[in-house]
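J.: File coords.cif below, mmCIF, C-alpha atoms and all ligand atoms:
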data_my_file
loop_
_atom_site.label_atom_id
_atom_site.label_comp_id
_atom_site.auth_asym_id
_atom_site.auth_seq_id
_atom_site.Cartn_x
_atom_site.Cartn_y
_atom_site.Cartn_z
CA MET A 1 -4.09 -19.35 -6.85
CA ARG A 2 -0.48 -18.37 -6.58
CA LYS A 3 0.55 -14.82 -5.82
CA ASN A 4 2.59 -12.47 -7.95
CA ILE A 5 5.53 -11.20 -5.92
CA VAL A 6 8.31 -8.70 -6.49
CA ALA A 7 11.05 -9.01 -3.88
CA GLY A 8 14.14 -6.85 -3.54
CA ASN A 9 17.45 -8.35 -2.49
CA TRP A 10 19.65 -5.54 -1.27
CA LYS A 11 22.66 -7.85 -0.69
CA MET A 12 25.53 -6.15 1.17
CA ASN A 13 24.54 -2.62 0.23
CA THR A 14 23.53 0.55 2.11
CA THR A 15 24.25 1.73 5.62
CA VAL A 16 21.37 1.59 8.10
CA GLY A 17 20.57 5.25 7.43
CA GLU A 18 20.58 4.76 3.67
CA GLY A 19 18.52 1.60 4.01
CA VAL A 20 15.84 3.28 6.12
CA GLU A 21 15.65 6.08 3.55
CA LEU A 22 15.28 3.61 0.69
CA ALA A 23 12.65 1.59 2.56
CA ASN A 24 10.72 4.79 3.26
CA GLU A 25 10.84 5.75 -0.40
CA VAL A 26 9.59 2.32 -1.47
CA ALA A 27 6.83 2.30 1.19
CA GLU A 28 5.67 5.76 0.17
CA ALA A 29 5.72 4.96 -3.54
CA LEU A 30 3.72 1.78 -2.88
CA ASN A 31 1.08 3.74 -0.99
CA ASN A 32 0.72 6.11 -3.91
CA THR A 33 0.82 3.54 -6.71
CA PRO A 34 -1.80 0.94 -7.43
CA HIS A 35 -0.06 -2.40 -7.75
CA ASN A 36 -1.08 -5.96 -8.54
CA CYS A 37 1.56 -7.92 -6.68
CA GLU A 38 2.91 -8.53 -3.23
CA VAL A 39 6.08 -6.54 -2.58
CA VAL A 40 8.91 -7.54 -0.25
CA ILE A 41 12.29 -6.00 0.54
CA CYS A 42 15.08 -8.24 1.85
CA VAL A 43 17.72 -6.29 3.71
CA PRO A 44 20.93 -6.87 5.70
CA PHE A 45 20.41 -8.22 9.26
CA THR A 46 21.66 -4.93 10.71
CA HIS A 47 18.80 -3.05 9.02
CA LEU A 48 15.82 -5.21 9.97
CA VAL A 49 14.78 -3.50 13.20
CA ALA A 50 15.20 0.03 11.86
CA VAL A 51 13.41 -0.76 8.59
CA LYS A 52 10.59 -2.55 10.41
CA ALA A 53 10.00 0.67 12.37
CA VAL A 54 9.20 2.57 9.15
CA VAL A 55 7.28 0.00 7.10
CA ASP A 56 3.92 -1.68 7.55
CA THR A 57 4.66 -5.31 6.81
CA ASP A 58 1.02 -5.88 5.83
CA THR A 59 1.70 -3.82 2.72
CA LEU A 60 5.46 -4.20 2.31
CA GLY A 61 6.98 -7.52 3.36
CA LEU A 62 10.35 -7.44 5.06
CA GLY A 63 12.93 -10.19 4.77
CA ALA A 64 16.45 -11.17 5.77
CA GLU A 65 18.92 -12.48 3.19
CA ASN A 66 19.93 -15.62 5.11
CA CYS A 67 19.54 -17.29 8.49
CA SER A 68 21.46 -19.85 10.50
CA GLU A 69 20.81 -23.57 10.36
CA HIS A 70 21.20 -23.61 14.17
CA ASP A 71 18.72 -22.54 16.82
CA LYS A 72 21.00 -20.72 19.26
CA GLY A 73 24.24 -20.92 21.16
CA ALA A 74 27.95 -20.85 20.39
CA TYR A 75 27.85 -19.91 16.70
CA THR A 76 29.69 -16.61 16.67
CA GLY A 77 28.44 -14.28 13.97
CA GLU A 78 25.36 -16.29 13.08
CA VAL A 79 21.76 -15.04 13.17
CA SER A 80 18.96 -17.51 13.84
CA ALA A 81 15.55 -17.69 12.20
CA GLU A 82 14.02 -16.91 15.58
CA MET A 83 16.11 -13.74 15.83
CA VAL A 84 15.07 -12.72 12.32
CA LYS A 85 11.43 -13.34 13.19
CA SER A 86 11.77 -11.33 16.41
CA THR A 87 12.64 -8.21 14.38
CA GLY A 88 9.20 -8.33 12.78
CA ALA A 89 10.49 -9.72 9.49
CA THR A 90 8.15 -11.85 7.38
CA HIS A 91 10.49 -13.47 4.82
CA VAL A 92 13.98 -14.85 4.43
CA ILE A 93 16.00 -15.53 1.28
CA LEU A 94 17.68 -18.94 1.45
CA GLY A 95 20.15 -20.61 -0.86
CA HIS A 96 21.04 -17.56 -2.90
CA SER A 97 23.76 -18.51 -5.37
CA GLU A 98 26.19 -16.15 -3.63
CA ARG A 99 25.64 -18.13 -0.40
CA ARG A 100 26.09 -21.40 -2.26
CA LEU A 101 29.21 -20.27 -4.14
CA TYR A 102 31.08 -18.06 -1.68
CA PHE A 103 29.99 -19.62 1.61
CA GLY A 104 29.71 -23.24 0.54
CA GLU A 105 26.08 -23.73 1.52
CA ASN A 106 24.87 -27.14 0.45
CA ASN A 107 21.50 -28.79 -0.03
CA GLU A 108 21.50 -30.43 3.37
CA GLN A 109 22.16 -27.16 5.21
CA LEU A 110 19.58 -25.38 3.09
CA LEU A 111 16.93 -27.94 3.99
CA THR A 112 17.74 -27.35 7.67
CA LYS A 113 17.65 -23.57 7.26
CA THR A 114 14.32 -23.87 5.47
CA ARG A 115 12.91 -25.95 8.33
CA LYS A 116 14.09 -23.34 10.86
CA ALA A 117 12.57 -20.51 8.86
CA LEU A 118 9.24 -22.31 8.58
CA ALA A 119 9.24 -23.28 12.25
CA ASN A 120 9.54 -19.59 13.05
CA GLY A 121 6.77 -18.47 10.73
CA LEU A 122 9.02 -16.91 8.08
CA THR A 123 8.32 -17.37 4.38
CA PRO A 124 11.45 -18.75 2.70
CA ILE A 125 12.34 -17.38 -0.74
CA PHE A 126 14.33 -20.41 -1.85
CA CYS A 127 16.79 -19.74 -4.67
CA VAL A 128 17.88 -22.19 -7.33
CA GLY A 129 19.77 -21.75 -10.58
CA GLU A 130 22.53 -23.13 -12.76
CA VAL A 131 25.97 -21.67 -13.49
CA LEU A 132 27.05 -20.75 -17.01
CA GLU A 133 28.89 -24.00 -17.61
CA GLU A 134 25.76 -25.99 -16.77
CA ARG A 135 23.68 -23.83 -19.09
CA GLU A 136 26.19 -24.40 -21.87
CA ASN A 137 26.66 -28.13 -21.37
CA GLY A 138 22.91 -28.68 -21.24
CA THR A 139 22.69 -30.06 -17.67
CA TYR A 140 20.75 -27.07 -16.33
CA ASN A 141 17.39 -28.81 -16.02
CA ASP A 142 18.89 -31.61 -13.93
CA VAL A 143 20.93 -29.21 -11.80
CA VAL A 144 17.90 -27.11 -10.90
CA LYS A 145 15.78 -30.22 -10.35
CA GLY A 146 18.34 -31.43 -7.81
CA GLN A 147 18.26 -28.09 -5.99
CA VAL A 148 14.46 -28.14 -5.77
CA GLU A 149 14.49 -31.79 -4.68
CA ALA A 150 16.64 -30.79 -1.71
CA LEU A 151 13.39 -29.60 -0.14
CA PHE A 152 11.41 -32.74 -0.86
CA GLU A 153 11.69 -33.98 2.69
CA LEU A 154 9.29 -31.21 3.67
CA SER A 155 5.67 -32.13 4.28
CA PRO A 156 3.24 -30.94 1.60
CA GLU A 157 1.90 -28.40 4.08
CA ASP A 158 5.37 -26.97 4.66
CA PHE A 159 6.37 -27.03 1.00
CA SER A 160 3.27 -25.05 0.11
CA LYS A 161 4.66 -22.13 2.16
CA ILE A 162 7.81 -21.83 0.04
CA VAL A 163 8.41 -19.21 -2.63
CA VAL A 164 10.90 -20.43 -5.25
CA ALA A 165 13.23 -18.05 -7.08
CA TYR A 166 14.92 -19.21 -10.27
CA GLU A 167 18.12 -17.24 -10.71
CA PRO A 168 20.47 -18.40 -13.44
CA VAL A 169 23.86 -17.54 -11.97
CA TRP A 170 25.13 -16.28 -15.32
CA ALA A 171 22.43 -13.63 -15.30
CA ILE A 172 22.98 -12.26 -11.79
CA GLY A 173 24.48 -8.80 -11.78
CA THR A 174 25.86 -9.36 -15.27
CA GLY A 175 23.31 -7.40 -17.28
CA LYS A 176 22.72 -10.63 -19.19
CA THR A 177 19.09 -11.56 -18.58
CA ALA A 178 17.68 -14.93 -19.45
CA THR A 179 15.23 -14.47 -22.29
CA ALA A 180 11.59 -14.60 -21.33
CA ASP A 181 11.38 -17.93 -23.17
CA GLN A 182 14.36 -19.38 -21.28
CA ALA A 183 12.79 -18.27 -18.00
CA GLN A 184 9.40 -19.72 -18.94
CA GLU A 185 10.95 -23.04 -19.97
CA MET A 186 12.74 -23.39 -16.63
CA HIS A 187 9.81 -22.18 -14.54
CA ALA A 188 7.53 -24.72 -16.22
CA HIS A 189 10.15 -27.40 -15.57
CA ILE A 190 10.37 -26.44 -11.88
CA ARG A 191 6.58 -26.53 -11.60
CA ASN A 192 6.55 -30.03 -13.15
CA VAL A 193 9.22 -31.23 -10.73
CA ILE A 194 7.10 -29.94 -7.83
CA ALA A 195 3.92 -31.47 -9.30
CA GLU A 196 5.55 -34.90 -9.59
CA LYS A 197 6.31 -34.85 -5.88
CA TYR A 198 3.49 -32.83 -4.29
CA GLY A 199 0.75 -32.88 -6.93
CA LYS A 200 -0.63 -30.33 -9.34
CA GLU A 201 -2.50 -28.22 -6.82
CA ILE A 202 0.54 -27.40 -4.70
CA ALA A 203 2.66 -26.89 -7.84
CA ASP A 204 0.08 -24.53 -9.32
CA ASN A 205 -0.06 -22.58 -6.09
CA THR A 206 3.73 -22.15 -5.77
CA SER A 207 4.99 -18.70 -6.73
CA ILE A 208 8.13 -19.02 -8.85
CA LEU A 209 10.08 -15.76 -9.22
CA TYR A 210 12.72 -14.97 -11.81
CA GLY A 211 15.95 -13.26 -10.78
CA GLY A 212 19.00 -12.08 -12.71
CA SER A 213 19.35 -8.61 -14.24
CA CYS A 214 15.62 -8.00 -14.07
CA LYS A 215 14.91 -4.33 -14.80
CA PRO A 216 11.92 -2.10 -15.53
CA THR A 217 12.70 -2.52 -19.24
CA ASN A 218 12.49 -6.34 -19.30
CA ALA A 219 10.18 -7.11 -16.36
CA LYS A 220 6.94 -6.86 -18.32
CA GLU A 221 8.01 -9.39 -20.91
CA LEU A 222 9.29 -11.81 -18.26
CA PHE A 223 6.22 -11.46 -16.03
CA ALA A 224 3.90 -11.97 -18.99
CA LYS A 225 5.00 -15.60 -19.17
CA PRO A 226 2.48 -17.95 -17.58
CA ASP A 227 4.89 -19.60 -15.12
CA VAL A 228 6.82 -16.47 -14.13
CA ASP A 229 5.12 -15.12 -11.01
CA GLY A 230 7.36 -12.17 -10.30
CA GLY A 231 10.97 -11.33 -9.65
CA LEU A 232 13.80 -11.36 -7.13
CA ILE A 233 15.58 -8.11 -7.83
CA GLY A 234 19.17 -7.23 -6.91
CA GLY A 235 20.74 -4.13 -8.45
CA ALA A 236 17.48 -2.57 -9.57
CA ALA A 237 16.08 -2.83 -6.02
CA LEU A 238 18.60 -0.29 -4.73
CA LYS A 239 16.72 2.67 -6.20
CA ALA A 240 13.04 3.16 -5.38
CA ASP A 241 12.32 4.33 -8.94
CA SER A 242 13.67 1.28 -10.71
CA PHE A 243 12.23 -1.11 -8.11
CA MET A 244 8.81 0.47 -8.52
CA GLY A 245 9.19 0.29 -12.28
CA ILE A 246 9.41 -3.49 -11.89
CA VAL A 247 6.47 -3.61 -9.43
CA GLU A 248 4.42 -1.69 -12.00
CA ALA A 249 5.20 -4.23 -14.68
CA PHE A 250 2.25 -6.18 -13.23
CA ASN A 251 -0.16 -3.26 -13.82
P1 LIG A 301 20.56 -8.78 -10.00
O1 LIG A 301 20.55 -9.80 -8.77
O2 LIG A 301 19.12 -8.33 -10.18
O3 LIG A 301 21.46 -7.66 -9.58
O4 LIG A 301 21.04 -9.51 -11.19
C1 LIG A 301 19.50 -10.68 -8.55
C2 LIG A 301 19.78 -11.50 -7.32
O5 LIG A 301 20.94 -11.91 -7.12
O6 LIG A 301 18.87 -11.78 -6.50
#
Translate this file's structure into structure tokens.
Ligand code: PGA

T.:
Amino acid sequence: MRKNIVAGNWKMNTTVGEGVELANEVAEALNNTPHNCEVVICVPFTHLVAVKAVVDTDTLGLGAENCSEHDKGAYTGEVSAEMVKSTGATHVILGHSERRLYFGENNEQLLTKTRKALANGLTPIFCVGEVLEERENGTYNDVVKGQVEALFELSPEDFSKIVVAYEPVWAIGTGKTATADQAQEMHAHIRNVIAEKYGKEIADNTSILYGGSCKPTNAKELFAKPDVDGGLIGGAALKADSFMGIVEAFN
């Protein structure tokens, strides 16, 4: 059966020193707290090697927040999936709405990035989600379906390695969480879309995380929904206390 996962997305926050301190705090808290989910922290590229040195990735997964669609060569400023993997990282966030909106990442590129991540043994945390206008004009189910379908060229074996994160863009960093019912409705929809393509077994085994202003105070209600298998956490992942409060929502 699918796993429950709480993943932190640090975005462009913390210096290396601050990041190592935060990772240490999370690792220590995890060792001292019984928990019923897999836990991952996704950190800036610059932090991966230093954070890997202080965490045991068997108990705390470590991810990047993006990777290149290219393998290597003359792509100044890019970081390949192979490079990410070589740091000891286990995961990579792909298709975050900030990448789609501010850096113009499209479905085709995201399929390529996903292939590169998988080829290098990284678990992609693949983000989908509608903007406010799409929520309000009622096209959100189709929009998210299209984003999930971008991966439908993957083999069933490859697709079964993906973690999906539903992050309504209007809820990210805004303090405006989707209600647990809105999240459940969309997660069930995503699972149906996957089932239609890959069958019920793969759909049932896919972890679908919710992201967007998830906090210790609302995590329990969200995670109680049958199709919500955890969270992708931005702001609340930047303090060990609040991140652990969300991890403990599964207890
Ligand atoms: P937030 O961000 O928790 O700060 O809303 C979530 C995300 O963007 O992954």

J.: I'd like the interatomic distance between CA of Ile93 in chain A and CA of Glu65 in chain A, to a tenth of an Å.

T.: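 Separation between CA of Ile93 in chain A and CA of Glu65 in chain A: 4.6 Å.
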
J.: Could you please extract the residues within 7 Å of ligand LIG 301 (chain A), counting all atoms listed in the file, and hand them back as a PyMOL selection string?

T.: chain A and resi 9+167+171-175+211-214+232-236

J.: Restricting the calculation to all atoms listed in the file: of A:Glu38, A:Glu136, A:Glu201, A:Asp227, which residue gets closest to Val247 in chain A?

T.: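 For Val247 in chain A, the nearest of the candidates is A:Glu38.
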
J.: Which residues of range 153-241 of chain A have any atom within 9 Å of an atom in range 19-30 of chain A when counting all atoms listed in the file, and what is the closest pair of atoms for each, with the distance in Å to one decimal? Order the rows by chain and rising number and write it as a tab-separated table.

T.:
residue	atom	partner	partner_atom	distance
A:Leu238	CA	A:Leu22	CA	7.5
A:Lys239	CA	A:Leu22	CA	7.1
A:Ala240	CA	A:Val26	CA	5.3
A:Asp241	CA	A:Val26	CA	8.2

J.: In Å, with one decimal, what is the gap from CA of Pro34 in chain A to CA of Gly63 in chain A?

T.: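 Computing the Euclidean distance for CA of Pro34 in chain A and CA of Gly63 in chain A yields 22.1 Å.
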
J.: Provide the CA of His70 in chain A to CA of Pro44 in chain A distance in Å, to one decimal place.

T.: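 Going from CA of His70 in chain A over to CA of Pro44 in chain A, I get 18.8 Å.
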
J.: Pick out the closest residue to Phe223 in chain A from this set: A:Trp10, A:Phe152, A:Tyr198, A:Phe250. Count all atoms listed in the file.

T.: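 Answer, going by the shortest atom-to-atom distance: A:Phe250.
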
J.: List the spatial neighbours of Arg2 in chain A as a list of chain:residue names - criterion: any atom at most 7 Å away, only C-alpha atoms, same-chain residues fewer than 4 positions off excluded.

T.: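 Contacts, in chain order: A:Asp204, A:Asn205, A:Thr206, A:Ser207.
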
J.: Which residue is closest to Ile125 in chain A? Choose from A:Cys42, A:Ala53, A:Met186, A:Ala180 and count only C-alpha atoms.

T.: A:Cys42

J.: Point out the residue among A:Ile194, A:Ile246, A:Val54, A:Leu62 with the least atom-to-atom distance to Thr217 in chain A, counting all atoms listed in the file.

T.: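 Closest candidate: A:Ile246.
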
J.: Around all listed atoms of range 92-111 of chain A, padded 6 Å per side, what centre and edge lengths does the axis-aligned box have in Å to one decimal, as JSON?

T.:
{"center_x": 22.5, "center_y": -22.6, "center_z": -0.1, "size_x": 29.1, "size_y": 27.6, "size_z": 22.6}
